[in-house]
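Before any comments, here is the structure.
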Amino acid sequence: MSGGDMIDFEVRPNPTPVSAADRAALLANPGFGRVFTDHMVTIRYAEGKGWYDPRVEARAPIPMDPASAVLHYAQEIFEGLKAYRTADGSVTMFRPEANAARFIASAQRLAMPELPAEMFVESLRRLVEIDRDWIPEGADASLYLRPFMFASEVFLGVRPANEYLYCVIASPAGAYFAGGVRPVTVWVSPDYTRAAPGGTGAAKCGGNYAASLSAQAEAIEAGCDQVVFLDAVERRFVDELGGMNVFFVYDDNTLVTPPLTGTILPGITRDALLTLAAAAGHRVEERPVSFADWQADAESGRLREVFACGTAAVITPIGRVRFPDGEFLIGGGEPGRSTTALREQLVAIQRGESPDPHGWVRRVL
């Protein structure tokens, strides 16, 4: 197969799509990750054959043998990005090429075949095209796209699989936070770590998220919204949240985020914010931040704001930090001006409501 628009997808429209009336009812309040569109994309891979049989077809259960390799050895990766309906009626995506590049990097780390970037982006466009009517309208609405790939070969043995299935599904999404963005309370895990040097921390694979769930449950039990992980070697330095990168804003207008040393997911929102913050006049630094310094700087007032970022929620202000021996507030527990301004600017760019000097927004329909 060739690249771009020349990729020959076989299109098999869903013979029993959701009715327009039922779809409208679902889109009135879709929540996040609970409602799904009529179609999905599938592409298969076999060693010696390469990628083949690209399809747009009815969303349906995936037949799977009990000995499918993914069920035993966890070769699985995924991505997450959004499509937006703009004021002029067009449909855009935010930096899909960056997601394609990260998908390739994740595949390399998990010993999986690399899906060409042009095929990745075209698979998203094809699904958005056929399920365009599922894109909700509204200031915080979008169509969340979930590309993923897993080892589908039927065998038992510790080696990279020879067969894989790549899929894309889509889920209409409303506001991530009911009632608007609010500062969250985070729990600093004393026992669990997310990733170690040389591990899979920089890959977007399901195992990383599975490893975070016990710590997240611990955070909920402590009355917190999210968990924060410290580094696995010294248990001193902040890595990231369970599913988001973290930023610190100081009183001298410096914006700091932990460096990408292989244990942190290279977030696409993170990367965009580094660019936007520098353009807004912040001094931007990628350097380690210890938990001890986080607490001391928050209590002294030197640290004014902290926020987490990711595709789903964009930017989430952090107002309170809890740990086994106590807790502390950041900036009085309210969203800061820099956090709010960066969020508003990024959302406006993503939705085509603001100039896009960096060429991040891709019009797909």
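In the structure tokens, the first chain shown is A, the next is B, and so on; residue numbers restart at 1 for each chain, and ligands run from 1 in the order shown.
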Under the rule of at most 10 Å, produce a per-residue listing of range 179-296 of chain A near range 80-97 of chain A: chain, number, name, the closest pair of atoms, and the distance in Å, as CSV, using only C-alpha atoms.
```
residue,atom,partner,partner_atom,distance
A:Lys204,CA,A:Gly80,CA,9.6
A:Ile268,CA,A:Arg95,CA,7.9
A:Thr269,CA,A:Arg95,CA,9.5
A:Ala272,CA,A:Arg95,CA,9.5
```
Q: Using DSSP on the backbone, list every residue of range 8-185 of chain A that comes out as helix (DSSP H, G or I), and give them as a ChimeraX atom specification.
A: /A:20-27,70-73,96-109,117-130,132-134
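For Phe323 in chain A, the list of residues within 9 Å, based on only C-alpha atoms and with local chain neighbours fewer than 6 positions off taken out, reads Val186, Trp187, Val188, Ser189, Pro190 and Ala222 of chain A.
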Next, write the just-selected residues to a file, as a PDB file, in the first residue's frame, keeping N, CA, C and O atoms as the atom set.
```pdb
ATOM      1  N   VAL A 186      -4.126  15.979  44.822  1.00  0.00           N
ATOM      2  CA  VAL A 186      -3.316  14.841  44.383  1.00  0.00           C
ATOM      3  C   VAL A 186      -2.647  14.169  45.577  1.00  0.00           C
ATOM      4  O   VAL A 186      -2.394  14.798  46.612  1.00  0.00           O
ATOM      5  N   TRP A 187      -2.396  12.892  45.406  1.00  0.00           N
ATOM      6  CA  TRP A 187      -1.773  12.045  46.430  1.00  0.00           C
ATOM      7  C   TRP A 187      -0.378  11.653  45.956  1.00  0.00           C
ATOM      8  O   TRP A 187      -0.210  11.116  44.851  1.00  0.00           O
ATOM      9  N   VAL A 188       0.631  11.914  46.753  1.00  0.00           N
ATOM     10  CA  VAL A 188       1.999  11.512  46.426  1.00  0.00           C
ATOM     11  C   VAL A 188       2.222  10.105  46.976  1.00  0.00           C
ATOM     12  O   VAL A 188       2.228   9.899  48.194  1.00  0.00           O
ATOM     13  N   SER A 189       2.363   9.151  46.091  1.00  0.00           N
ATOM     14  CA  SER A 189       2.444   7.753  46.502  1.00  0.00           C
ATOM     15  C   SER A 189       3.758   7.467  47.231  1.00  0.00           C
ATOM     16  O   SER A 189       4.844   7.708  46.691  1.00  0.00           O
ATOM     17  N   PRO A 190       3.684   6.917  48.439  1.00  0.00           N
ATOM     18  CA  PRO A 190       4.920   6.604  49.171  1.00  0.00           C
ATOM     19  C   PRO A 190       5.523   5.249  48.797  1.00  0.00           C
ATOM     20  O   PRO A 190       6.698   4.984  49.069  1.00  0.00           O
ATOM     21  N   ALA A 222      -7.553   8.122  49.986  1.00  0.00           N
ATOM     22  CA  ALA A 222      -7.050   9.251  50.763  1.00  0.00           C
ATOM     23  C   ALA A 222      -7.823  10.542  50.458  1.00  0.00           C
ATOM     24  O   ALA A 222      -7.426  11.611  50.931  1.00  0.00           O
TER      25      ALA A 222
END
```
**Q.** Contacts of Tyr73 in chain A within 12 Å, only C-alpha atoms, excl. fewer than 5 positions in-chain, as a list of chain:residue names
**A.**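 My reading of the contact set: A:Ala67, A:Ser68, A:Leu110, A:Ala111, A:Phe150, A:Ala151, A:Ser152, A:Glu153, A:Val154, A:Phe155, A:Leu156, A:Gly157, A:Val158, A:Arg159, A:Pro160, A:Ala161, A:Gly206, A:Gly207.
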(Q) Using only C-alpha atoms for the distances, tell me which of A:Asp65, A:Ser338, A:Phe229, A:Val184 is nearest to Phe248 in chain A. (A) A:Ser338
Q) Between CA of Gln108 in chain A and CA of Arg287 in chain A, what is the distance, to one decimal in Å? A) 26.1 Å
Q: Check the smallest atom-to-atom distance from each of A:His39, A:Lys49, A:His358, A:Arg270 to Ser171 in chain A using only C-alpha atoms, then report the winner.
A: A:His39
Q.
At a cut-off of 10 Å, using only C-alpha atoms, what residues contact Pro183 in chain A? Leave out same-chain residues fewer than 2 positions from it and give the result as a list in words.
A.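 Selected residues are Val181, Thr185, Val186, Asp225, Val306, Phe307, Thr316, Pro317, Ile318, Gly319, Arg320, Ile330, Gly333, Glu334, Pro335 and Gly336 of chain A.
Comparing the minimum interatomic distances between Asp252 in chain A and each of A:Arg337, A:His282, A:Arg23, A:Arg343, counting only C-alpha atoms, we find that A:His282 sits nearest.
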(Q) as a PyMOL selection string, please: every residue in range 3-170 of chain A that DSSP puts in strand (DSSP E or B). (A) chain A and resi 10-11+39-46+50-58+68+76-78+81-85+91-94+142-151+154+163-170
Q | Close residues, Ala211 in chain A itself excluded, 12 Å, only C-alpha atoms, min 5 positions apart in chain, as an MDAnalysis selection string | A | chainID A and resid 192:196 200:201 205:206 216:217 227 229 242:243
(Q) I want to know what sits within 10 Å of Ile130 in chain A, based on only C-alpha atoms, with residues of the same chain fewer than 5 positions away left out; could you give that as a PyMOL selection string? (A) chain A and resi 11+13-14+37-40+56-57+125
Selection from above, all heavy atoms, as a short mmCIF file (atom, residue, chain, number, x, y, z; two decimals), in the first residue's frame, can you write it?
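Done, and the output landed in result.cif:
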```cif
data_model
loop_
_atom_site.label_atom_id
_atom_site.label_comp_id
_atom_site.auth_asym_id
_atom_site.auth_seq_id
_atom_site.Cartn_x
_atom_site.Cartn_y
_atom_site.Cartn_z
N VAL A 11 -14.32 0.11 2.44
CA VAL A 11 -15.33 0.71 3.31
C VAL A 11 -16.57 -0.18 3.32
O VAL A 11 -17.16 -0.44 2.27
CB VAL A 11 -15.70 2.14 2.85
CG1 VAL A 11 -16.77 2.74 3.77
CG2 VAL A 11 -14.46 3.02 2.83
N PRO A 13 -19.94 0.12 5.21
CA PRO A 13 -20.78 0.91 6.12
C PRO A 13 -21.60 0.01 7.05
O PRO A 13 -22.05 -1.09 6.67
CB PRO A 13 -21.69 1.70 5.18
CG PRO A 13 -20.92 1.76 3.89
CD PRO A 13 -20.19 0.46 3.80
N ASN A 14 -21.78 0.48 8.26
CA ASN A 14 -22.59 -0.24 9.25
C ASN A 14 -24.02 -0.36 8.72
O ASN A 14 -24.67 0.65 8.44
CB ASN A 14 -22.58 0.53 10.57
CG ASN A 14 -23.18 -0.26 11.71
OD1 ASN A 14 -24.08 -1.07 11.52
ND2 ASN A 14 -22.68 -0.01 12.91
N THR A 37 -19.05 5.49 18.43
CA THR A 37 -19.64 5.73 17.12
C THR A 37 -19.98 4.42 16.41
O THR A 37 -19.73 3.33 16.93
CB THR A 37 -18.70 6.57 16.25
OG1 THR A 37 -17.51 5.80 15.97
CG2 THR A 37 -18.29 7.86 16.98
N ASP A 38 -20.49 4.53 15.19
CA ASP A 38 -20.98 3.37 14.46
C ASP A 38 -19.87 2.51 13.83
O ASP A 38 -20.11 1.34 13.52
CB ASP A 38 -21.91 3.81 13.32
CG ASP A 38 -23.22 4.37 13.82
OD1 ASP A 38 -23.87 3.71 14.64
OD2 ASP A 38 -23.60 5.49 13.40
N HIS A 39 -18.69 3.09 13.62
CA HIS A 39 -17.67 2.39 12.83
C HIS A 39 -16.34 2.30 13.56
O HIS A 39 -16.13 2.94 14.59
CB HIS A 39 -17.47 3.11 11.49
CG HIS A 39 -18.69 3.10 10.62
ND1 HIS A 39 -19.68 4.06 10.73
CD2 HIS A 39 -19.08 2.24 9.65
CE1 HIS A 39 -20.64 3.79 9.85
NE2 HIS A 39 -20.30 2.70 9.19
N MET A 40 -15.45 1.51 12.99
CA MET A 40 -14.06 1.43 13.46
C MET A 40 -13.18 1.15 12.25
O MET A 40 -13.66 0.77 11.17
CB MET A 40 -13.89 0.35 14.51
CG MET A 40 -14.11 -1.08 14.04
SD MET A 40 -13.92 -2.26 15.42
CE MET A 40 -14.05 -3.83 14.57
N VAL A 56 -12.62 0.17 6.84
CA VAL A 56 -13.54 0.94 7.68
C VAL A 56 -14.81 0.10 7.74
O VAL A 56 -15.41 -0.20 6.70
CB VAL A 56 -13.85 2.32 7.07
CG1 VAL A 56 -14.79 3.10 7.97
CG2 VAL A 56 -12.57 3.10 6.83
N GLU A 57 -15.19 -0.31 8.92
CA GLU A 57 -16.30 -1.25 9.04
C GLU A 57 -17.11 -0.97 10.29
O GLU A 57 -16.77 -0.11 11.10
CB GLU A 57 -15.77 -2.68 9.07
CG GLU A 57 -14.77 -2.94 10.18
CD GLU A 57 -14.08 -4.29 10.06
OE1 GLU A 57 -14.64 -5.19 9.42
OE2 GLU A 57 -12.97 -4.44 10.60
N ARG A 125 -8.50 9.95 9.69
CA ARG A 125 -9.35 10.76 8.81
C ARG A 125 -10.52 9.95 8.27
O ARG A 125 -11.65 10.44 8.20
CB ARG A 125 -8.51 11.31 7.66
CG ARG A 125 -9.24 12.39 6.85
CD ARG A 125 -8.52 12.72 5.55
NE ARG A 125 -8.63 11.63 4.60
CZ ARG A 125 -9.71 11.42 3.84
NH1 ARG A 125 -10.79 12.20 3.96
NH2 ARG A 125 -9.75 10.42 2.99
#
```
Q) Nearest to Ala280 in chain A among A:Leu260, A:Cys309, A:Leu342, A:Arg132, with distances taken over only C-alpha atoms: which residue is it? A)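 The shortest atom-to-atom distance to Ala280 in chain A comes from A:Leu342.
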